[in-house]
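This is run16.cif (mmCIF, C-alpha atoms and all ligand atoms).
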```
data_data
loop_
_atom_site.group_PDB
_atom_site.id
_atom_site.type_symbol
_atom_site.label_atom_id
_atom_site.label_comp_id
_atom_site.auth_asym_id
_atom_site.auth_seq_id
_atom_site.Cartn_x
_atom_site.Cartn_y
_atom_site.Cartn_z
ATOM 1 C CA MET A 24 40.554 -10.600 -17.562
ATOM 2 C CA TYR A 25 37.600 -8.605 -18.886
ATOM 3 C CA HIS A 26 36.967 -6.929 -22.218
ATOM 4 C CA ARG A 27 34.363 -4.195 -21.797
ATOM 5 C CA ARG A 28 33.084 -4.130 -25.355
ATOM 6 C CA VAL A 29 31.195 -0.841 -24.953
ATOM 7 C CA SER A 30 34.338 1.148 -24.204
ATOM 8 C CA GLY A 31 36.970 -1.172 -25.650
ATOM 9 C CA GLU A 32 38.745 -1.360 -22.258
ATOM 10 C CA ARG A 33 40.664 -4.516 -21.359
ATOM 11 C CA LEU A 34 40.837 -4.764 -17.592
ATOM 12 C CA CYS A 35 42.643 -6.902 -15.047
ATOM 13 C CA ALA A 36 40.581 -8.112 -12.080
ATOM 14 C CA GLY A 37 41.744 -5.297 -9.784
ATOM 15 C CA CYS A 38 41.013 -2.544 -12.323
ATOM 16 C CA PHE A 39 37.642 -4.095 -13.122
ATOM 17 C CA LEU A 40 36.588 -4.070 -9.439
ATOM 18 C CA ASP A 41 37.846 -0.485 -9.028
ATOM 19 C CA SER A 42 35.915 0.583 -12.125
ATOM 20 C CA ILE A 43 32.643 -0.834 -10.729
ATOM 21 C CA GLU A 44 33.113 0.749 -7.326
ATOM 22 C CA ASP A 45 34.056 4.084 -8.956
ATOM 23 C CA GLN A 46 30.878 3.974 -11.026
ATOM 24 C CA VAL A 47 28.755 3.289 -7.962
ATOM 25 C CA ARG A 48 30.394 6.100 -5.974
ATOM 26 C CA GLY A 49 29.956 8.346 -9.031
ATOM 27 C CA ASN A 50 26.252 7.510 -9.288
ATOM 28 C CA ILE A 51 25.727 8.193 -5.581
ATOM 29 C CA THR A 52 27.433 11.582 -5.881
ATOM 30 C CA LYS A 53 25.989 12.646 -9.240
ATOM 31 C CA TYR A 54 22.401 11.887 -8.245
ATOM 32 C CA SER A 55 22.785 12.914 -4.558
ATOM 33 C CA MET A 56 21.531 9.477 -3.563
ATOM 34 C CA LEU A 57 22.874 9.425 -0.024
ATOM 35 C CA ARG A 58 23.661 11.889 2.752
ATOM 36 C CA PRO A 59 26.445 11.363 5.335
ATOM 37 C CA ASN A 60 23.915 10.757 8.143
ATOM 38 C CA ASP A 61 21.439 8.511 6.304
ATOM 39 C CA ARG A 62 20.109 5.319 7.816
ATOM 40 C CA ILE A 63 20.178 3.190 4.671
ATOM 41 C CA ALA A 64 17.916 0.174 4.370
ATOM 42 C CA VAL A 65 19.345 -2.173 1.740
ATOM 43 C CA ALA A 66 17.041 -4.688 0.102
ATOM 44 C CA VAL A 67 19.035 -7.942 0.216
ATOM 45 C CA SER A 68 17.447 -10.955 -1.421
ATOM 46 C CA GLY A 69 20.575 -13.134 -1.511
ATOM 47 C CA GLY A 70 21.049 -12.759 -5.290
ATOM 48 C CA LYS A 71 24.301 -11.467 -6.832
ATOM 49 C CA ASP A 72 23.127 -7.871 -7.311
ATOM 50 C CA SER A 73 21.744 -7.272 -3.842
ATOM 51 C CA VAL A 74 24.601 -8.989 -2.033
ATOM 52 C CA SER A 75 27.161 -7.041 -4.105
ATOM 53 C CA LEU A 76 25.328 -3.802 -3.337
ATOM 54 C CA LEU A 77 25.394 -4.595 0.382
ATOM 55 C CA HIS A 78 29.166 -5.168 0.282
ATOM 56 C CA MET A 79 29.788 -1.993 -1.763
ATOM 57 C CA LEU A 80 27.621 0.193 0.500
ATOM 58 C CA TYR A 81 29.303 -1.346 3.546
ATOM 59 C CA ARG A 82 32.679 -0.202 2.213
ATOM 60 C CA ILE A 83 31.413 3.255 1.210
ATOM 61 C CA GLU A 84 29.514 3.764 4.463
ATOM 62 C CA LYS A 85 32.655 3.097 6.539
ATOM 63 C CA CYS A 86 33.888 6.560 5.446
ATOM 64 C CA PHE A 87 30.727 8.138 6.917
ATOM 65 C CA PRO A 88 30.583 7.294 10.641
ATOM 66 C CA LYS A 89 27.192 8.982 11.090
ATOM 67 C CA SER A 90 25.490 6.774 8.509
ATOM 68 C CA GLU A 91 24.078 3.340 9.243
ATOM 69 C CA LEU A 92 23.160 0.254 7.235
ATOM 70 C CA VAL A 93 20.306 -2.130 7.857
ATOM 71 C CA ALA A 94 19.499 -5.034 5.537
ATOM 72 C CA ILE A 95 15.938 -6.055 4.731
ATOM 73 C CA THR A 96 15.233 -9.502 3.361
ATOM 74 C CA VAL A 97 11.768 -10.325 2.112
ATOM 75 C CA ASP A 98 10.858 -14.002 2.138
ATOM 76 C CA GLU A 99 8.111 -14.264 -0.444
ATOM 77 C CA GLY A 100 7.541 -17.927 0.328
ATOM 78 C CA ILE A 101 8.757 -19.734 -2.788
ATOM 79 C CA SER A 102 9.298 -23.301 -1.793
ATOM 80 C CA GLY A 103 12.646 -24.887 -2.728
ATOM 81 C CA TYR A 104 14.117 -21.534 -3.758
ATOM 82 C CA ARG A 105 13.760 -18.745 -1.235
ATOM 83 C CA GLU A 106 15.027 -20.719 1.774
ATOM 84 C CA GLU A 107 18.551 -20.870 0.311
ATOM 85 C CA ALA A 108 18.526 -17.182 -0.663
ATOM 86 C CA VAL A 109 17.442 -16.071 2.810
ATOM 87 C CA GLY A 110 20.256 -18.169 4.323
ATOM 88 C CA ILE A 111 22.825 -16.611 1.985
ATOM 89 C CA ALA A 112 21.572 -13.093 2.740
ATOM 90 C CA GLN A 113 21.832 -13.893 6.449
ATOM 91 C CA GLU A 114 25.368 -15.213 6.062
ATOM 92 C CA ASN A 115 26.526 -12.043 4.249
ATOM 93 C CA CYS A 116 24.923 -9.733 6.834
ATOM 94 C CA ARG A 117 26.489 -11.681 9.686
ATOM 95 C CA LYS A 118 29.905 -11.540 8.026
ATOM 96 C CA LEU A 119 29.720 -7.750 7.691
ATOM 97 C CA GLY A 120 28.021 -7.205 11.058
ATOM 98 C CA VAL A 121 25.017 -5.535 9.406
ATOM 99 C CA ARG A 122 21.686 -5.790 11.227
ATOM 100 C CA GLN A 123 19.184 -7.747 9.149
ATOM 101 C CA ILE A 124 15.403 -7.727 9.306
ATOM 102 C CA ILE A 125 13.648 -10.674 7.668
ATOM 103 C CA VAL A 126 9.976 -10.382 6.864
ATOM 104 C CA SER A 127 7.746 -12.857 5.055
ATOM 105 C CA PHE A 128 4.688 -12.415 2.842
ATOM 106 C CA ASP A 129 2.956 -14.845 5.158
ATOM 107 C CA GLU A 130 3.518 -12.591 8.208
ATOM 108 C CA LEU A 131 2.585 -9.408 6.372
ATOM 109 C CA TYR A 132 -0.215 -10.561 4.115
ATOM 110 C CA GLY A 133 -1.367 -13.861 5.609
ATOM 111 C CA GLN A 134 -0.361 -15.813 2.502
ATOM 112 C CA ASP A 135 2.917 -16.784 0.859
ATOM 113 C CA LEU A 136 3.621 -16.432 -2.868
ATOM 114 C CA ASP A 137 3.139 -20.139 -3.558
ATOM 115 C CA GLY A 138 -0.326 -19.885 -1.999
ATOM 116 C CA ILE A 139 -1.095 -16.751 -4.006
ATOM 117 C CA VAL A 140 -0.027 -18.479 -7.232
ATOM 118 C CA LYS A 141 -2.314 -21.427 -6.437
ATOM 119 C CA ARG A 142 -5.220 -19.089 -5.804
ATOM 120 C CA SER A 143 -4.493 -17.073 -8.955
ATOM 121 C CA GLY A 144 -4.708 -20.279 -10.988
ATOM 122 C CA ALA A 145 -8.376 -20.143 -10.171
ATOM 123 C CA GLY A 146 -8.777 -16.817 -11.990
ATOM 124 C CA GLY A 147 -6.453 -14.101 -10.605
ATOM 125 C CA GLY A 148 -5.239 -13.267 -14.089
ATOM 126 C CA PHE A 149 -1.638 -12.154 -13.316
ATOM 127 C CA THR A 150 1.732 -13.882 -13.530
ATOM 128 C CA PRO A 151 3.486 -14.825 -10.253
ATOM 129 C CA CYS A 152 6.005 -11.995 -10.826
ATOM 130 C CA ALA A 153 3.234 -9.416 -11.106
ATOM 131 C CA TYR A 154 1.973 -10.317 -7.625
ATOM 132 C CA CYS A 155 5.462 -10.759 -6.243
ATOM 133 C CA GLY A 156 6.700 -7.360 -7.478
ATOM 134 C CA VAL A 157 3.961 -5.200 -5.975
ATOM 135 C CA LEU A 158 3.828 -7.126 -2.705
ATOM 136 C CA ARG A 159 7.599 -7.039 -2.265
ATOM 137 C CA ARG A 160 7.777 -3.292 -2.984
ATOM 138 C CA LYS A 161 5.150 -2.646 -0.357
ATOM 139 C CA ALA A 162 6.864 -4.960 2.159
ATOM 140 C CA LEU A 163 10.209 -3.198 1.697
ATOM 141 C CA ASN A 164 8.681 0.213 2.265
ATOM 142 C CA ILE A 165 6.788 -0.888 5.389
ATOM 143 C CA VAL A 166 9.865 -2.494 6.955
ATOM 144 C CA ALA A 167 12.261 0.318 5.952
ATOM 145 C CA ARG A 168 9.912 2.894 7.460
ATOM 146 C CA ALA A 169 9.500 0.862 10.660
ATOM 147 C CA ALA A 170 13.316 0.639 10.917
ATOM 148 C CA GLY A 171 13.550 4.443 10.734
ATOM 149 C CA ALA A 172 15.391 4.335 7.397
ATOM 150 C CA THR A 173 15.843 7.607 5.559
ATOM 151 C CA LYS A 174 16.735 5.814 2.275
ATOM 152 C CA LEU A 175 15.854 2.487 0.761
ATOM 153 C CA ALA A 176 18.584 1.202 -1.576
ATOM 154 C CA THR A 177 17.682 -1.460 -4.117
ATOM 155 C CA ALA A 178 20.026 -3.362 -6.440
ATOM 156 C CA HIS A 179 18.324 -2.646 -9.769
ATOM 157 C CA ASN A 180 20.989 -2.820 -12.465
ATOM 158 C CA LEU A 181 21.102 -1.511 -16.047
ATOM 159 C CA ASP A 182 19.352 -4.599 -17.413
ATOM 160 C CA ASP A 183 16.500 -4.308 -14.879
ATOM 161 C CA GLU A 184 15.974 -0.634 -15.681
ATOM 162 C CA VAL A 185 15.923 -1.072 -19.461
ATOM 163 C CA GLN A 186 13.622 -4.112 -19.193
ATOM 164 C CA THR A 187 11.206 -2.078 -17.050
ATOM 165 C CA MET A 188 11.189 0.720 -19.626
ATOM 166 C CA PHE A 189 10.279 -1.735 -22.394
ATOM 167 C CA LEU A 190 7.708 -3.481 -20.204
ATOM 168 C CA ASN A 191 5.957 -0.170 -19.620
ATOM 169 C CA VAL A 192 5.737 0.326 -23.384
ATOM 170 C CA LEU A 193 4.542 -3.260 -23.928
ATOM 171 C CA HIS A 194 1.881 -2.832 -21.237
ATOM 172 C CA GLY A 195 0.626 0.271 -23.053
ATOM 173 C CA ASP A 196 1.688 2.628 -20.279
ATOM 174 C CA PRO A 197 4.675 4.583 -21.665
ATOM 175 C CA TRP A 198 4.091 7.438 -19.191
ATOM 176 C CA ARG A 199 5.309 5.207 -16.383
ATOM 177 C CA ILE A 200 8.795 5.369 -17.918
ATOM 178 C CA ALA A 201 8.984 8.765 -16.221
ATOM 179 C CA ARG A 202 9.032 6.803 -12.928
ATOM 180 C CA VAL A 203 11.987 4.578 -13.889
ATOM 181 C CA GLU A 204 14.620 6.740 -12.230
ATOM 182 C CA PRO A 205 17.820 6.223 -10.212
ATOM 183 C CA VAL A 206 16.295 8.229 -7.358
ATOM 184 C CA LEU A 207 12.632 8.180 -6.387
ATOM 185 C CA LEU A 208 11.913 10.989 -3.997
ATOM 186 C CA SER A 209 9.175 10.520 -1.445
ATOM 187 C CA GLU A 210 5.763 11.850 -2.445
ATOM 188 C CA HIS A 211 4.157 10.902 0.859
ATOM 189 C CA SER A 212 5.313 10.913 4.481
ATOM 190 C CA LYS A 213 4.905 7.107 4.596
ATOM 191 C CA LEU A 214 7.099 6.478 1.536
ATOM 192 C CA VAL A 215 10.818 6.026 2.132
ATOM 193 C CA PRO A 216 12.860 7.618 -0.729
ATOM 194 C CA ARG A 217 14.371 4.937 -2.971
ATOM 195 C CA VAL A 218 17.817 4.930 -4.591
ATOM 196 C CA LYS A 219 19.410 2.572 -7.117
ATOM 197 C CA PRO A 220 23.222 2.922 -6.999
ATOM 198 C CA LEU A 221 23.756 0.102 -9.580
ATOM 199 C CA PHE A 222 21.300 1.443 -12.169
ATOM 200 C CA SER A 223 23.964 2.021 -14.853
ATOM 201 C CA ILE A 224 25.900 -1.246 -14.360
ATOM 202 C CA PRO A 225 25.144 -4.166 -16.706
ATOM 203 C CA GLU A 226 24.018 -7.391 -15.057
ATOM 204 C CA ILE A 227 26.979 -9.280 -16.489
ATOM 205 C CA GLU A 228 29.318 -6.898 -14.638
ATOM 206 C CA THR A 229 27.508 -7.156 -11.288
ATOM 207 C CA ALA A 230 27.760 -10.945 -11.641
ATOM 208 C CA LEU A 231 31.472 -10.718 -12.387
ATOM 209 C CA TYR A 232 31.951 -8.349 -9.440
ATOM 210 C CA ALA A 233 30.328 -10.861 -7.071
ATOM 211 C CA TYR A 234 32.355 -13.713 -8.543
ATOM 212 C CA LEU A 235 35.722 -11.894 -8.314
ATOM 213 C CA THR A 236 35.130 -10.676 -4.760
ATOM 214 C CA GLU A 237 34.145 -14.229 -3.780
ATOM 215 C CA ILE A 238 30.880 -13.036 -2.328
ATOM 216 C CA ARG A 239 28.495 -15.935 -1.769
ATOM 217 C CA PHE A 240 25.209 -15.462 -3.647
ATOM 218 C CA GLN A 241 22.347 -17.601 -4.850
ATOM 219 C CA SER A 242 22.904 -18.684 -8.423
ATOM 220 C CA VAL A 243 19.774 -20.674 -9.223
ATOM 221 C CA SER A 244 16.822 -18.868 -10.774
ATOM 222 C CA CYS A 245 13.378 -18.491 -9.287
ATOM 223 C CA PRO A 246 11.049 -21.270 -10.531
ATOM 224 C CA TYR A 247 8.496 -18.653 -11.606
ATOM 225 C CA VAL A 248 10.871 -16.534 -13.715
ATOM 226 C CA SER A 249 10.120 -18.288 -17.020
ATOM 227 C CA GLU A 250 6.435 -17.356 -16.725
ATOM 228 C CA SER A 251 7.125 -13.636 -16.886
ATOM 229 C CA LEU A 252 7.050 -11.258 -19.840
ATOM 230 C CA ARG A 253 10.151 -9.656 -18.294
ATOM 231 C CA ASN A 254 12.059 -12.839 -19.015
ATOM 232 C CA ASP A 255 11.156 -12.680 -22.711
ATOM 233 C CA VAL A 256 12.168 -9.009 -22.841
ATOM 234 C CA ARG A 257 15.439 -9.913 -21.107
ATOM 235 C CA MET A 258 16.272 -12.477 -23.779
ATOM 236 C CA VAL A 259 15.481 -10.101 -26.640
ATOM 237 C CA LEU A 260 17.604 -7.332 -25.105
ATOM 238 C CA ASN A 261 20.485 -9.721 -24.408
ATOM 239 C CA GLY A 262 20.391 -10.836 -28.044
ATOM 240 C CA LEU A 263 20.533 -7.219 -29.214
ATOM 241 C CA GLU A 264 23.338 -6.359 -26.788
ATOM 242 C CA GLU A 265 25.364 -9.302 -28.035
ATOM 243 C CA LYS A 266 25.041 -8.066 -31.608
ATOM 244 C CA TYR A 267 25.244 -4.323 -30.854
ATOM 245 C CA PRO A 268 27.381 -3.765 -27.715
ATOM 246 C CA GLY A 269 26.270 -0.786 -25.652
ATOM 247 C CA MET A 270 22.681 -0.945 -26.836
ATOM 248 C CA LYS A 271 21.211 -1.207 -23.302
ATOM 249 C CA LEU A 272 23.096 1.872 -22.121
ATOM 250 C CA THR A 273 21.982 3.756 -25.234
ATOM 251 C CA VAL A 274 18.337 2.903 -24.491
ATOM 252 C CA LEU A 275 18.737 4.066 -20.887
ATOM 253 C CA ARG A 276 20.306 7.356 -21.991
ATOM 254 C CA SER A 277 17.611 7.863 -24.671
ATOM 255 C CA PHE A 278 14.817 7.461 -22.145
ATOM 256 C CA GLU A 279 16.666 9.787 -19.773
ATOM 257 C CA LYS A 280 16.533 12.435 -22.492
ATOM 258 C CA ILE A 281 12.765 12.164 -22.948
ATOM 259 C CA ARG A 282 11.976 11.756 -19.243
ATOM 260 C CA PRO A 283 11.505 15.504 -18.559
ATOM 261 C CA ALA A 284 9.001 15.725 -21.444
ATOM 262 C CA LEU A 285 7.172 12.622 -20.188
ATOM 263 C CA LYS A 286 7.031 14.089 -16.690
ATOM 264 C CA GLU A 287 5.616 17.342 -17.970
ATOM 265 C CA ARG A 288 2.808 15.484 -19.704
ATOM 266 C CA THR A 289 2.062 13.213 -16.757
ATOM 267 C CA GLU A 290 -0.614 14.443 -14.427
ATOM 268 C CA LYS A 291 0.673 14.471 -10.839
ATOM 269 C CA VAL A 292 -1.881 12.718 -8.672
ATOM 270 C CA PRO A 293 -1.438 13.329 -4.940
ATOM 271 C CA LEU A 294 -1.064 10.116 -2.960
ATOM 272 C CA ARG A 295 -3.547 9.186 -0.255
ATOM 273 C CA GLU A 296 -3.831 6.308 2.183
ATOM 274 C CA CYS A 297 -5.276 2.960 1.141
ATOM 275 C CA GLU A 298 -8.693 2.306 2.685
ATOM 276 C CA ILE A 299 -7.644 -1.216 3.624
ATOM 277 C CA CYS A 300 -4.014 -1.061 4.777
ATOM 278 C CA GLY A 301 -3.281 2.661 5.167
ATOM 279 C CA GLU A 302 -0.249 2.579 2.830
ATOM 280 C CA PRO A 303 0.237 5.366 0.242
ATOM 281 C CA THR A 304 -1.588 4.891 -3.052
ATOM 282 C CA VAL A 305 -3.073 6.849 -5.947
ATOM 283 C CA GLY A 306 -6.532 5.287 -5.781
ATOM 284 C CA SER A 307 -8.745 4.418 -2.835
ATOM 285 C CA VAL A 308 -7.232 0.911 -2.531
ATOM 286 C CA CYS A 309 -3.557 0.132 -3.208
ATOM 287 C CA ARG A 310 -2.583 -2.390 -5.899
ATOM 288 C CA PRO A 311 -1.311 -5.019 -3.459
ATOM 289 C CA CYS A 312 -4.569 -4.888 -1.461
ATOM 290 C CA LYS A 313 -6.623 -4.992 -4.646
ATOM 291 C CA SER A 314 -4.775 -8.146 -5.753
ATOM 292 C CA LEU A 315 -5.264 -9.762 -2.357
ATOM 293 C CA VAL A 316 -8.961 -8.867 -2.331
ATOM 294 C CA ASP A 317 -9.396 -10.303 -5.843
ATOM 295 C CA LEU A 318 -7.756 -13.535 -4.675
ATOM 296 C CA GLY A 319 -9.889 -13.715 -1.544
ATOM 297 C CA VAL A 320 -6.872 -13.365 0.778
ATOM 298 C CA VAL A 321 -8.188 -10.161 2.418
ATOM 299 C CA LYS A 322 -11.721 -8.905 2.731
ATOM 300 C CA PRO A 323 -12.805 -5.781 0.869
ATOM 301 C CA LYS A 324 -13.635 -2.811 3.045
ATOM 302 C CA GLN A 325 -17.329 -2.711 3.848
ATOM 303 C CA GLN A 326 -19.066 0.482 2.780
ATOM 304 C CA ASP A 327 -20.837 2.299 5.662
HETATM 305 FE FE1 LIG A 401 9.263 -12.922 -7.540
HETATM 306 FE FE2 LIG A 401 9.204 -13.295 -10.195
HETATM 307 FE FE3 LIG A 401 11.479 -12.574 -8.983
HETATM 308 FE FE4 LIG A 401 10.466 -15.024 -8.629
HETATM 309 S S1 LIG A 401 11.238 -14.148 -10.568
HETATM 310 S S2 LIG A 401 11.310 -13.686 -7.030
HETATM 311 S S3 LIG A 401 8.274 -14.603 -8.638
HETATM 312 S S4 LIG A 401 9.599 -11.352 -9.145
HETATM 313 ZN ZN ZN A 402 -3.605 -1.339 0.754
#
```

For this file, write the structure as structure tokens.
Ligand code: SF4
Ligand code: ZN
Amino acid sequence: MYHRRVSGERLCAGCFLDSIEDQVRGNITKYSMLRPNDRIAVAVSGGKDSVSLLHMLYRIEKCFPKSELVAITVDEGISGYREEAVGIAQENCRKLGVRQIIVSFDELYGQDLDGIVKRSGAGGGFTPCAYCGVLRRKALNIVARAAGATKLATAHNLDDEVQTMFLNVLHGDPWRIARVEPVLLSEHSKLVPRVKPLFSIPEIETALYAYLTEIRFQSVSCPYVSESLRNDVRMVLNGLEEKYPGMKLTVLRSFEKIRPALKERTEKVPLRECEICGEPTVGSVCRPCKSLVDLGVVKPKQQD
């Protein structure tokens, strides 16, 4: 059924599914991602990766009666796209009996992504994904913390991780590659530690996993995706992978080798609380608040 070109394996459906679940369990163990009594917040958007992760963690968590799952769905407010995804996320949570918390950009920030994109057209200077990424990360942390989660699990796969590494280089900030890790420990009491159990699994295999397990997921793409640099990087990397199988995994492993050296050379700046929202940040104002101030969505803090 599946020819894994990297290893040369030819797998039937059952062996393929077992191999994915074994890899995920292996990642969790090798990187000490989860403890038996964790309350795990899972970021579930309704896409194939996040819904597959929810189902896998549900199965794994059943062996640990003291652990607990809670799903968090962020509705960014993308008209004609997000409504379906939220419904699919809801359906999967209901099926598994997992508590779900849905939060929208509008509730949290007073503006949805469509509104932000309209405002940014008047001079914000970033792509929709740039706003979406930082605001979603902040939303997930706020909701996970409020839910008492001890871990926040996200469905970043191998493709996502390698794209992020390249994007950091293309943005002229190679030191940030040190932060592209399967486990991000908390550096502040308000930051929930993040784990990425799928980080070594290629996107094509997470898609196949969802398809073979008949999990319902959203298959259409976000209308903003084509505007992002990430999308261009994705296409280049997919072209290379097609020609040189295993290339993405090789890049991931290469960066893993230089990560300790990058970390050593990166100055560790203690986090403090944002002057506007109180969330952890390196500067005086966090990036999400800065974006919202620039767009006129929130007011800058008045100096005394
Ligand atoms: Fe947000 Fe971009 Fe993803 Fe759309 S493609 S959901 S705008 S990050
Ligand atoms: Zn802030």

Counting all atoms listed in the file, what are the residues of chain A within 12 Å of ligand ZN 402 (chain A), and for each of them which pair of atoms is the nearest and at what distance in Å, to one decimal? Sort the table by chain and rising number, as CSV.
```
residue,atom,partner,partner_atom,distance
A:Leu131,CA,A:ZN402,ZN,11.6
A:Tyr132,CA,A:ZN402,ZN,10.4
A:Val157,CA,A:ZN402,ZN,10.8
A:Leu158,CA,A:ZN402,ZN,10.0
A:Lys161,CA,A:ZN402,ZN,8.9
A:Ala162,CA,A:ZN402,ZN,11.2
A:Ile165,CA,A:ZN402,ZN,11.4
A:Arg295,CA,A:ZN402,ZN,10.6
A:Glu296,CA,A:ZN402,ZN,7.8
A:Cys297,CA,A:ZN402,ZN,4.6
A:Glu298,CA,A:ZN402,ZN,6.6
A:Ile299,CA,A:ZN402,ZN,5.0
A:Cys300,CA,A:ZN402,ZN,4.1
A:Gly301,CA,A:ZN402,ZN,6.0
A:Glu302,CA,A:ZN402,ZN,5.6
A:Pro303,CA,A:ZN402,ZN,7.7
A:Thr304,CA,A:ZN402,ZN,7.6
A:Val305,CA,A:ZN402,ZN,10.6
A:Gly306,CA,A:ZN402,ZN,9.8
A:Ser307,CA,A:ZN402,ZN,8.5
A:Val308,CA,A:ZN402,ZN,5.4
A:Cys309,CA,A:ZN402,ZN,4.2
A:Arg310,CA,A:ZN402,ZN,6.8
A:Pro311,CA,A:ZN402,ZN,6.0
A:Cys312,CA,A:ZN402,ZN,4.3
A:Lys313,CA,A:ZN402,ZN,7.2
A:Ser314,CA,A:ZN402,ZN,9.5
A:Leu315,CA,A:ZN402,ZN,9.1
A:Val316,CA,A:ZN402,ZN,9.7
A:Val321,CA,A:ZN402,ZN,10.1
A:Lys322,CA,A:ZN402,ZN,11.3
A:Pro323,CA,A:ZN402,ZN,10.2
A:Lys324,CA,A:ZN402,ZN,10.4
```

Margin query: As a check of understanding, name the residues that the PyMOL selection byres (((not hetatm)) within 12 of (chain A and resi 401)) selects in the supplied structure, as an NGL selection string.
Written below: :A and (68-70 or 96-106 or 108-109 or 128 or 135-137 or 139-140 or 149-160 or 183 or 241 or 243-254)

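You can rank A:Leu208, A:Ile238, A:Leu214, A:Ala66 by their closest distance to Leu119 of chain A using all atoms listed in the file, and at the top of that list sits A:Ile238.
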
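Distance annotation: of A:Val47, A:Leu263, A:Ala170, A:Ile124, the residue with the minimal separation from Pro220 of chain A is A:Val47; atom set is all atoms listed in the file.
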
Determine the residue set returned by the PyMOL selection byres (((chain A and resi 35-41) around 8) and not hetatm) for the present structure, and present it as a PyMOL selection string. chain A and resi 24-25+33-34+42-45+232+235

re atom CA of Gln46 of chain A and atom CA of Val29 of chain A: distance 14.7 Å

Correct to one decimal, the distance atom CA of Trp198 of chain A-atom CA of Leu285 of chain A is 6.1 Å

Judged by only C-alpha atoms, the minimum distance to Lys213 of chain A among A:Glu84, A:Ala167, A:Val292, A:Met258 is found for A:Ala167

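When atom CA of Leu175 of chain A is paired with atom CA of Leu207 of chain A, their separation reads 9.7 Å.
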
Here's a test: counting all atoms listed in the file, identify every protein, DNA and RNA residue with an atom at most 7 Å from (25.8, -8.4, -8.7) in the file's coordinate frame, and state them as JSON, numbers by chain. {"A": [71, 72, 73, 74, 75, 226, 229, 230, 232, 233]}

Take every atom of segment 185-197 of chain A listed in the file, pad by 6 Å on each side, and give me the axis-aligned box centre and edge lengths in Å, one decimal, as JSON.
```
{"center_x": 8.3, "center_y": 0.2, "center_z": -20.5, "size_x": 27.3, "size_y": 20.7, "size_z": 18.9}
```

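Using all atoms listed in the file, the shortest contact distance between Lys53 of chain A and any of A:Met79, A:Leu275, A:Pro205, A:Ala172 is found at A:Pro205.
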